[in-house]
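Reviewing the structure listed below.
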Amino acid sequence: LTEKLSRLVKQISGQARITESNVADMLREVRMALLEADVALPVVRDFIARVKDKALGQEVMGSLKPGQALVGIVNRELAATMGEGVADLNLATQPPAVILMAGLQGAGKTTTTAKLARHLITKRKKKVLTVSADVYRPAAIEQLKTVSAQAGAEWFPSTPDQKPVDIARAALDYAKKHYFDVLLVDTAGRLAIDEALMREITELHAVLNPVETLFVVDAMQGQDAANTAKAFKEALPLTGIILTKTDGDSRGGAALSVRAITGAPIKFAGTSEKIDGLEVFDAERHAGRILGMGDIVALVEQVAAGVDMAQAQKLAAKVKSGASFDLEDFLSQIQQVKQMGGLSSLLDKLPTQMAAKASEADLSRAEREIARKQGIIHSMTPLERKKPELIKASRKRRIAAGAGVQVQDVNRLLKEFEQMQDMMKKMQGGGLMKLMKRMGG
Ligand code: GDP
Ligand code: MG
């Protein structure tokens with residue numbers, strides 16, 4: 001949440017219900033935040049109208065204050081718009097299941113084709129064939145050959161003098177004869193939408209009858225993503241979206257635009273240039289990112305208000321200087337949560353579904369979990385805390401034994417730490433920085 005937004009949340013606290021007047025300022029802030037995140041204007045308008053509809057006159061429940069309740073509505077609506085649950089690739093058809101990749105040039109189609117091949121091979125044990133119908137750039141066909149080899153997928157040769165539909169027919173034929181489970185078809189992109197491109201991909205679709213038609217879109221594309229998505233949706237029955245380059249510094253508003261405009265689920269997110277840089281799309285996490293890390297910011301705010309300013313400032317300074325966030329920092333975060341009288345007191349500050357969902361039982365379990373994590377980090381040497389990458393199998397066994405836990409618990413903690421570290425990196429220069437500066441100053 002932006003600074004101003006959290007201030008407004010406080011302002012309208014204490015009033016019993018959400019009304020037209022107390023909500024107007026906040027909705028204006030939400031609108032600004034969405035536009036700043038590069039969500040397309042028509043999508044923002046629709047979204048605000050829906051939130052207003054849901055919020056007006058709603059009785060504020062229990063301990064939730066109106067401001068927090070509204071933020072809850074915003075978050076829920078964001079997550080709902082973005083799609084809930086996990087949508088893996090649909091392969092429910094007579095093999096070979098054909099997957100057609102569509103999108104602009106540079107969106108990441110070729111890279112993502114190979115990432116999907118690897119996903120299907122390693123996670124779903126499929127026999128995968130790739131083919132390029134990009135006849136305009138010989139380099140593009142070679143590129144697919146290279147990355148397919150990295151993925152361990154077979155690549156079906158094509159040449160620039162062939163027609164895309166002929167390539168498609170030949171590859172489909174080959175895939176059938178050799179009992180492939182999946183055929184991934186990479187296509188040509190253009191720098192902008194044009195009719196010839198749309199006709200070509202429509203023809204490919206007719207010939208291939210794909211079970212998945214995936215629209216690949218660059219998360220950094222911002223406002224333009226909406227127009228591109230609209231054009232592709234009109235030309236093709238899209239079954240899913242892949243959002244690439246989410247490792248970039250965009251606030252990711254493209255996700256909301258593209259999802260709202262196409263109605264297709266976002267299935268995966270590209271997280272690096274590497275072949276394993278593909279993750280199942282996490283709608284809730286992404287929603288948080290669009291609004292500027294709502295709950296993390298709230299958490300930091302709580303830390304600042306309550307406990308140990310010196311610690312918080314140290315952390316702020318670290319984030320600011322770009323120095324690495326290590327396990328010591330992670331430990332001090334965990335300890336601060338504990339000092340604040342446990343998680344229950346934090347609930348007030350968390351304006352998300354999380355707060356609404358957490359029950360007492362969840363809380364005491366979470367508190368035991370915190371104690372366990374502390375134990376694990378305490379069993380590490382100072383060097384290991386500074387350089388977690390040192391912690392390989394034998395060290396893990398020693399740490400687990402020292403803390404009286406299983407090696408899986410150590411792994412889980414390290415994973416969680418990595419996610420936090422990742423977030424810290426992403427927040428540099430973002431909304432949190434402003435907050436941190438205010439605290440530090
Ligand atoms: P295509 O023209 O749609 O086939 O796009 P490419 O697959 O050739 O990708 C264009 C550029 O984007 C390449 O330099 C890729 O390495 C890069 N790229 C693709 N996906 C990602 C991603 O998720 N993260 C990052 N950082 N780079 C990506
Ligand atoms: Mg390509």
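Each chain in the structure tokens gets a letter, A, B and so on, in the order shown; residues start at 1 in every chain, and ligands are counted from 1 in the order they appear.
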
Counting only C-alpha atoms and all ligand atoms, which residues of chain A fall within 9 Å of ligand 1, and what is the closest atom pair for each with its distance in Å at one decimal, ordered by chain and rising number, as JSON lines?
{"residue": "A:Met101", "atom": "CA", "partner": "ligand 1", "partner_atom_place_in_ligand_line": "3 (O)", "distance": 8.8}
{"residue": "A:Ala102", "atom": "CA", "partner": "ligand 1", "partner_atom_place_in_ligand_line": "3 (O)", "distance": 8.1}
{"residue": "A:Gly103", "atom": "CA", "partner": "ligand 1", "partner_atom_place_in_ligand_line": "3 (O)", "distance": 6.4}
{"residue": "A:Leu104", "atom": "CA", "partner": "ligand 1", "partner_atom_place_in_ligand_line": "3 (O)", "distance": 5.9}
{"residue": "A:Gln105", "atom": "CA", "partner": "ligand 1", "partner_atom_place_in_ligand_line": "2 (O)", "distance": 3.9}
{"residue": "A:Gly106", "atom": "CA", "partner": "ligand 1", "partner_atom_place_in_ligand_line": "2 (O)", "distance": 3.4}
{"residue": "A:Ala107", "atom": "CA", "partner": "ligand 1", "partner_atom_place_in_ligand_line": "3 (O)", "distance": 4.0}
{"residue": "A:Gly108", "atom": "CA", "partner": "ligand 1", "partner_atom_place_in_ligand_line": "5 (O)", "distance": 3.2}
{"residue": "A:Lys109", "atom": "CA", "partner": "ligand 1", "partner_atom_place_in_ligand_line": "3 (O)", "distance": 3.6}
{"residue": "A:Thr110", "atom": "CA", "partner": "ligand 1", "partner_atom_place_in_ligand_line": "7 (O)", "distance": 3.7}
{"residue": "A:Thr111", "atom": "CA", "partner": "ligand 1", "partner_atom_place_in_ligand_line": "7 (O)", "distance": 3.6}
{"residue": "A:Thr112", "atom": "CA", "partner": "ligand 1", "partner_atom_place_in_ligand_line": "7 (O)", "distance": 6.1}
{"residue": "A:Thr113", "atom": "CA", "partner": "ligand 1", "partner_atom_place_in_ligand_line": "7 (O)", "distance": 7.8}
{"residue": "A:Ala114", "atom": "CA", "partner": "ligand 1", "partner_atom_place_in_ligand_line": "7 (O)", "distance": 8.8}
{"residue": "A:Asp134", "atom": "CA", "partner": "ligand 1", "partner_atom_place_in_ligand_line": "4 (O)", "distance": 8.8}
{"residue": "A:Ala140", "atom": "CA", "partner": "ligand 1", "partner_atom_place_in_ligand_line": "4 (O)", "distance": 7.2}
{"residue": "A:Gln143", "atom": "CA", "partner": "ligand 1", "partner_atom_place_in_ligand_line": "8 (O)", "distance": 7.6}
{"residue": "A:Leu144", "atom": "CA", "partner": "ligand 1", "partner_atom_place_in_ligand_line": "4 (O)", "distance": 8.5}
{"residue": "A:Asp186", "atom": "CA", "partner": "ligand 1", "partner_atom_place_in_ligand_line": "4 (O)", "distance": 7.5}
{"residue": "A:Thr187", "atom": "CA", "partner": "ligand 1", "partner_atom_place_in_ligand_line": "4 (O)", "distance": 7.6}
{"residue": "A:Ala188", "atom": "CA", "partner": "ligand 1", "partner_atom_place_in_ligand_line": "4 (O)", "distance": 7.2}
{"residue": "A:Gly189", "atom": "CA", "partner": "ligand 1", "partner_atom_place_in_ligand_line": "2 (O)", "distance": 6.1}
{"residue": "A:Arg190", "atom": "CA", "partner": "ligand 1", "partner_atom_place_in_ligand_line": "2 (O)", "distance": 8.3}
{"residue": "A:Val216", "atom": "CA", "partner": "ligand 1", "partner_atom_place_in_ligand_line": "3 (O)", "distance": 7.4}
{"residue": "A:Val217", "atom": "CA", "partner": "ligand 1", "partner_atom_place_in_ligand_line": "3 (O)", "distance": 8.3}
{"residue": "A:Asp218", "atom": "CA", "partner": "ligand 1", "partner_atom_place_in_ligand_line": "20 (N)", "distance": 7.7}
{"residue": "A:Ala219", "atom": "CA", "partner": "ligand 1", "partner_atom_place_in_ligand_line": "23 (O)", "distance": 8.7}
{"residue": "A:Leu243", "atom": "CA", "partner": "ligand 1", "partner_atom_place_in_ligand_line": "23 (O)", "distance": 7.6}
{"residue": "A:Thr244", "atom": "CA", "partner": "ligand 1", "partner_atom_place_in_ligand_line": "23 (O)", "distance": 4.1}
{"residue": "A:Lys245", "atom": "CA", "partner": "ligand 1", "partner_atom_place_in_ligand_line": "24 (N)", "distance": 3.6}
{"residue": "A:Thr246", "atom": "CA", "partner": "ligand 1", "partner_atom_place_in_ligand_line": "23 (O)", "distance": 6.0}
{"residue": "A:Asp247", "atom": "CA", "partner": "ligand 1", "partner_atom_place_in_ligand_line": "26 (N)", "distance": 5.8}
{"residue": "A:Gly248", "atom": "CA", "partner": "ligand 1", "partner_atom_place_in_ligand_line": "26 (N)", "distance": 6.4}
{"residue": "A:Ala269", "atom": "CA", "partner": "ligand 1", "partner_atom_place_in_ligand_line": "23 (O)", "distance": 6.9}
{"residue": "A:Gly270", "atom": "CA", "partner": "ligand 1", "partner_atom_place_in_ligand_line": "23 (O)", "distance": 3.3}
{"residue": "A:Thr271", "atom": "CA", "partner": "ligand 1", "partner_atom_place_in_ligand_line": "23 (O)", "distance": 4.3}
{"residue": "A:Ser272", "atom": "CA", "partner": "ligand 1", "partner_atom_place_in_ligand_line": "24 (N)", "distance": 3.6}
{"residue": "A:Glu273", "atom": "CA", "partner": "ligand 1", "partner_atom_place_in_ligand_line": "27 (N)", "distance": 4.1}
{"residue": "A:Lys274", "atom": "CA", "partner": "ligand 1", "partner_atom_place_in_ligand_line": "16 (O)", "distance": 7.3}
{"residue": "A:Gly277", "atom": "CA", "partner": "ligand 1", "partner_atom_place_in_ligand_line": "23 (O)", "distance": 6.3}
{"residue": "A:Leu278", "atom": "CA", "partner": "ligand 1", "partner_atom_place_in_ligand_line": "23 (O)", "distance": 6.9}

| message | Please identify the strand (DSSP E or B) residues within region 121-333 of chain A (assignment by DSSP from backbone atoms) and present them as a ChimeraX atom specification. | response | /A:128-132,154-156,182-186,212-218,240-244,266-270,278-280

| task | Quick one: pull the distance between CA of Ile275 (chain A) and CA of Ile391 (chain A), Å, one decimal. | result |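 Rounded to one decimal, the two atoms are 24.3 Å apart.
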
| request: Compile the contact shell of Ala401 (chain A) as a list in words: residues with an atom at most 10 Å away, counting only C-alpha atoms, same-chain residues fewer than 6 positions apart removed. | output: Ile376, Ser379, Arg395 and Val407 of chain A

Write out, as a PDB file, in the first residue's frame, the residues just selected, with N, CA and C atoms.
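Generated file (part08.pdb):
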ATOM      1  N   ILE A 376      16.341 -23.322  14.464  1.00  0.00           N
ATOM      2  CA  ILE A 376      17.150 -23.755  13.321  1.00  0.00           C
ATOM      3  C   ILE A 376      18.261 -22.745  13.034  1.00  0.00           C
ATOM      4  N   SER A 379      21.101 -22.815  15.367  1.00  0.00           N
ATOM      5  CA  SER A 379      22.015 -23.954  15.199  1.00  0.00           C
ATOM      6  C   SER A 379      23.010 -23.761  14.066  1.00  0.00           C
ATOM      7  N   ARG A 395      25.974 -30.051   6.114  1.00  0.00           N
ATOM      8  CA  ARG A 395      25.687 -28.971   7.067  1.00  0.00           C
ATOM      9  C   ARG A 395      24.221 -29.006   7.481  1.00  0.00           C
ATOM     10  N   VAL A 407      15.623 -32.648   8.363  1.00  0.00           N
ATOM     11  CA  VAL A 407      16.312 -31.898   7.305  1.00  0.00           C
ATOM     12  C   VAL A 407      15.302 -31.116   6.447  1.00  0.00           C
TER      13      VAL A 407
END

| query | Which is closer to ligand 2 than all the others in A:Ala149, A:Met26, A:Val185, A:Ala171, using only C-alpha atoms and all ligand atoms? | reply |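 Closest to ligand 2, using only C-alpha atoms and all ligand atoms: A:Val185.
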
| field | Neighbour list for Gly240 (chain A) as a PyMOL selection string, cut-off 9 Å, only C-alpha atoms, skip fewer than 6 positions in-chain | value | chain A and resi 87+89+212-216+262-268

| message | as a list in words, please: the residues near region 39-44 of chain A (cut-off 6 Å, only C-alpha atoms, same-chain neighbours under 5 positions excluded). | response | Leu34, Gln223, Gly253, Ala254 and Ser257 of chain A

| task | Counting only C-alpha atoms, figure out which residue out of A:Lys373, A:Ile141, A:Val211, A:Thr122 gets nearest to Gln406 (chain A). | result |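 Checking each candidate against Gln406 (chain A), we get A:Lys373 as the closest.
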
| field | Close residues, Arg372 (chain A) itself excluded, 10 Å, only C-alpha atoms, min 2 positions apart in chain, as a list in words | value |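 My list of contacting residues is Ala366, Glu367, Arg368, Glu369, Ile370, Gln374, Gly375, Ile376, Ile377, His378, Ala403, Gly404, Val405, Asp409, Val410 and Leu413 of chain A.
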
| query | Out of A:Ala393, A:Val51, A:Leu35, A:Val135, which residue has the shortest atom-to-atom distance to Leu256 (chain A) when counting only C-alpha atoms? | reply |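 Answer, going by the shortest atom-to-atom distance: A:Leu35.
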
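Closest to Tyr179 (chain A) among A:Arg259, A:Ala287, A:Leu129, A:Arg251 is A:Leu129, based on only C-alpha atoms.
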
| task | Would you kindly return, as a PyMOL selection string, each protein, DNA or RNA residue with an atom no farther than 10 Å from any atom of Ala175 (chain A), considering only C-alpha atoms and excluding same-chain residues fewer than 4 positions away? | result | chain A and resi 95-98+127-130+156+169-171+179-183

| query | So how far away is CA of Lys163 (chain A) from CA of Ala133 (chain A), in Å? | reply |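 Going from CA of Ala133 (chain A) over to CA of Lys163 (chain A) covers 8.0 Å.
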
| Counting only C-alpha atoms and all ligand atoms, which of A:Leu191, A:Ile73, A:Leu238, A:Ala92 gets nearest to ligand 2? | A:Leu191

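Remark: for ligand 2, the closest of the candidate residues A:Tyr174, A:Phe232, A:Trp155, A:Tyr136 is A:Tyr136 (distances computed over only C-alpha atoms and all ligand atoms).
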
| query | To one decimal place, how far is CA of Ile241 (chain A) from CA of Ala117 (chain A) in Å? | reply | 16.0 Å

Backbone DSSP call of helix (DSSP H, G or I) for region 172-310 of chain A, listed as a short mmCIF file (atom, residue, chain, number, x, y, z; two decimals) with N, CA and C atoms, in the first residue's frame:
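Now in selection.cif:
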data_model
loop_
_atom_site.label_atom_id
_atom_site.label_comp_id
_atom_site.auth_asym_id
_atom_site.auth_seq_id
_atom_site.Cartn_x
_atom_site.Cartn_y
_atom_site.Cartn_z
N LEU A 172 2.95 -32.08 -36.86
CA LEU A 172 1.84 -32.79 -36.23
C LEU A 172 1.86 -34.26 -36.68
N ASP A 173 2.11 -34.44 -37.95
CA ASP A 173 2.20 -35.77 -38.51
C ASP A 173 3.32 -36.58 -37.84
N TYR A 174 4.47 -35.95 -37.73
CA TYR A 174 5.63 -36.59 -37.12
C TYR A 174 5.34 -36.93 -35.65
N ALA A 175 4.70 -36.00 -34.97
CA ALA A 175 4.39 -36.21 -33.54
C ALA A 175 3.45 -37.40 -33.37
N LYS A 176 2.49 -37.53 -34.28
CA LYS A 176 1.55 -38.66 -34.21
C LYS A 176 2.27 -39.97 -34.45
N LYS A 177 3.09 -39.99 -35.50
CA LYS A 177 3.78 -41.23 -35.88
C LYS A 177 4.75 -41.69 -34.80
N GLU A 195 -2.37 -7.33 -39.63
CA GLU A 195 -3.38 -8.27 -40.08
C GLU A 195 -2.79 -9.58 -40.60
N ALA A 196 -1.67 -9.45 -41.32
CA ALA A 196 -1.05 -10.66 -41.88
C ALA A 196 -0.67 -11.63 -40.76
N LEU A 197 -0.11 -11.08 -39.70
CA LEU A 197 0.27 -11.91 -38.56
C LEU A 197 -0.95 -12.61 -37.95
N MET A 198 -2.03 -11.86 -37.80
CA MET A 198 -3.22 -12.42 -37.18
C MET A 198 -3.83 -13.50 -38.07
N ARG A 199 -3.80 -13.27 -39.39
CA ARG A 199 -4.34 -14.26 -40.31
C ARG A 199 -3.51 -15.55 -40.21
N GLU A 200 -2.20 -15.36 -40.19
CA GLU A 200 -1.31 -16.52 -40.15
C GLU A 200 -1.56 -17.36 -38.90
N ILE A 201 -1.68 -16.72 -37.77
CA ILE A 201 -1.82 -17.50 -36.54
C ILE A 201 -3.22 -18.13 -36.46
N THR A 202 -4.19 -17.47 -37.05
CA THR A 202 -5.54 -18.03 -37.10
C THR A 202 -5.53 -19.31 -37.95
N GLU A 203 -4.81 -19.26 -39.05
CA GLU A 203 -4.69 -20.45 -39.92
C GLU A 203 -3.98 -21.58 -39.18
N LEU A 204 -2.91 -21.21 -38.50
CA LEU A 204 -2.18 -22.23 -37.72
C LEU A 204 -3.12 -22.88 -36.71
N HIS A 205 -3.92 -22.07 -36.08
CA HIS A 205 -4.86 -22.57 -35.09
C HIS A 205 -5.82 -23.57 -35.71
N ALA A 206 -6.32 -23.24 -36.90
CA ALA A 206 -7.28 -24.11 -37.58
C ALA A 206 -6.64 -25.45 -37.94
N VAL A 207 -5.40 -25.42 -38.40
CA VAL A 207 -4.72 -26.65 -38.81
C VAL A 207 -4.37 -27.52 -37.60
N LEU A 208 -3.97 -26.87 -36.52
CA LEU A 208 -3.42 -27.63 -35.39
C LEU A 208 -4.48 -28.06 -34.37
N ALA A 219 5.58 -8.69 -19.02
CA ALA A 219 5.04 -7.95 -17.86
C ALA A 219 5.48 -6.49 -17.87
N MET A 220 6.60 -6.23 -18.55
CA MET A 220 7.11 -4.86 -18.57
C MET A 220 6.36 -4.00 -19.58
N GLN A 221 5.48 -4.60 -20.34
CA GLN A 221 4.83 -3.87 -21.43
C GLN A 221 3.81 -2.84 -20.94
N ASP A 224 0.47 -0.95 -22.92
CA ASP A 224 0.29 -1.54 -24.24
C ASP A 224 -0.20 -2.97 -24.20
N ALA A 225 0.07 -3.63 -23.10
CA ALA A 225 -0.31 -5.04 -23.00
C ALA A 225 -1.81 -5.21 -23.22
N ALA A 226 -2.59 -4.23 -22.79
CA ALA A 226 -4.04 -4.31 -22.93
C ALA A 226 -4.46 -4.37 -24.38
N ASN A 227 -3.88 -3.48 -25.20
CA ASN A 227 -4.25 -3.46 -26.63
C ASN A 227 -3.83 -4.73 -27.33
N THR A 228 -2.62 -5.20 -27.01
CA THR A 228 -2.15 -6.44 -27.62
C THR A 228 -3.07 -7.59 -27.25
N ALA A 229 -3.42 -7.67 -26.00
CA ALA A 229 -4.26 -8.76 -25.53
C ALA A 229 -5.61 -8.74 -26.25
N LYS A 230 -6.13 -7.56 -26.43
CA LYS A 230 -7.43 -7.41 -27.08
C LYS A 230 -7.36 -7.97 -28.51
N ALA A 231 -6.31 -7.59 -29.24
CA ALA A 231 -6.17 -8.04 -30.62
C ALA A 231 -6.04 -9.56 -30.70
N PHE A 232 -5.26 -10.14 -29.81
CA PHE A 232 -5.07 -11.60 -29.84
C PHE A 232 -6.34 -12.33 -29.42
N LYS A 233 -7.05 -11.77 -28.48
CA LYS A 233 -8.29 -12.40 -28.04
C LYS A 233 -9.32 -12.42 -29.16
N GLU A 234 -9.33 -11.34 -29.95
CA GLU A 234 -10.28 -11.29 -31.06
C GLU A 234 -9.93 -12.28 -32.15
N ALA A 235 -8.64 -12.58 -32.31
CA ALA A 235 -8.22 -13.48 -33.38
C ALA A 235 -8.26 -14.95 -32.95
N GLY A 253 1.25 -4.40 -13.45
CA GLY A 253 -0.14 -4.08 -13.76
C GLY A 253 -0.63 -4.77 -15.01
N ALA A 254 0.30 -5.14 -15.91
CA ALA A 254 -0.08 -5.82 -17.14
C ALA A 254 -0.88 -7.08 -16.84
N ALA A 255 -0.54 -7.74 -15.76
CA ALA A 255 -1.23 -8.98 -15.41
C ALA A 255 -2.73 -8.73 -15.26
N LEU A 256 -3.06 -7.69 -14.54
CA LEU A 256 -4.47 -7.38 -14.29
C LEU A 256 -5.17 -7.00 -15.59
N SER A 257 -4.53 -6.15 -16.40
CA SER A 257 -5.14 -5.74 -17.67
C SER A 257 -5.42 -6.94 -18.56
N VAL A 258 -4.39 -7.75 -18.74
CA VAL A 258 -4.48 -8.84 -19.70
C VAL A 258 -5.50 -9.87 -19.25
N ARG A 259 -5.50 -10.12 -17.97
CA ARG A 259 -6.44 -11.08 -17.43
C ARG A 259 -7.88 -10.56 -17.57
N ALA A 260 -8.08 -9.29 -17.24
CA ALA A 260 -9.43 -8.72 -17.31
C ALA A 260 -9.92 -8.68 -18.75
N ILE A 261 -9.04 -8.38 -19.68
CA ILE A 261 -9.46 -8.23 -21.08
C ILE A 261 -9.69 -9.57 -21.77
N THR A 262 -8.85 -10.55 -21.51
CA THR A 262 -9.00 -11.83 -22.22
C THR A 262 -9.91 -12.79 -21.47
N ALA A 283 -1.57 -15.74 -7.98
CA ALA A 283 -2.41 -14.55 -8.13
C ALA A 283 -2.35 -13.65 -6.90
N GLU A 284 -2.39 -14.26 -5.74
CA GLU A 284 -2.47 -13.45 -4.52
C GLU A 284 -1.19 -12.63 -4.31
N ARG A 285 -0.07 -13.31 -4.55
CA ARG A 285 1.21 -12.62 -4.37
C ARG A 285 1.33 -11.48 -5.37
N HIS A 286 0.88 -11.77 -6.58
CA HIS A 286 0.98 -10.75 -7.61
C HIS A 286 0.07 -9.57 -7.32
N ALA A 287 -1.10 -9.85 -6.76
CA ALA A 287 -2.02 -8.78 -6.39
C ALA A 287 -1.36 -7.86 -5.38
N GLY A 288 -0.67 -8.45 -4.42
CA GLY A 288 0.04 -7.66 -3.41
C GLY A 288 1.08 -6.77 -4.04
N ARG A 289 1.73 -7.30 -5.05
CA ARG A 289 2.79 -6.54 -5.70
C ARG A 289 2.20 -5.31 -6.41
N ILE A 290 1.05 -5.50 -7.03
CA ILE A 290 0.44 -4.38 -7.75
C ILE A 290 0.09 -3.24 -6.80
N GLY A 294 1.20 -4.60 0.12
CA GLY A 294 0.35 -4.28 1.26
C GLY A 294 0.77 -4.88 2.58
N ASP A 295 0.80 -6.19 2.69
CA ASP A 295 0.96 -6.74 4.04
C ASP A 295 2.38 -6.65 4.58
N ILE A 296 3.35 -6.72 3.68
CA ILE A 296 4.73 -6.58 4.15
C ILE A 296 4.95 -5.18 4.70
N VAL A 297 4.43 -4.21 3.99
CA VAL A 297 4.58 -2.83 4.46
C VAL A 297 3.92 -2.67 5.82
N ALA A 298 2.73 -3.24 5.95
CA ALA A 298 2.03 -3.16 7.23
C ALA A 298 2.87 -3.80 8.33
N LEU A 299 3.50 -4.88 7.99
CA LEU A 299 4.33 -5.58 8.97
C LEU A 299 5.48 -4.69 9.41
N VAL A 300 6.12 -4.07 8.43
CA VAL A 300 7.25 -3.20 8.75
C VAL A 300 6.78 -2.03 9.60
N GLU A 301 5.61 -1.52 9.27
CA GLU A 301 5.05 -0.41 10.01
C GLU A 301 4.86 -0.80 11.47
N GLN A 302 4.38 -1.99 11.66
CA GLN A 302 4.14 -2.50 13.01
C GLN A 302 5.47 -2.60 13.77
N VAL A 303 6.46 -3.10 13.07
CA VAL A 303 7.78 -3.20 13.67
C VAL A 303 8.25 -1.82 14.11
N ALA A 304 8.05 -0.86 13.22
CA ALA A 304 8.51 0.49 13.50
C ALA A 304 7.77 1.10 14.69
N ALA A 305 6.46 0.89 14.70
CA ALA A 305 5.64 1.49 15.74
C ALA A 305 5.94 0.86 17.09
N GLY A 306 6.13 -0.41 17.12
CA GLY A 306 6.19 -1.13 18.37
C GLY A 306 7.56 -1.27 18.98
N MET A 309 13.29 0.17 17.10
CA MET A 309 13.61 1.10 16.03
C MET A 309 15.00 0.86 15.46
N ALA A 310 15.94 0.60 16.37
CA ALA A 310 17.32 0.44 15.93
C ALA A 310 17.42 -0.72 14.94
#
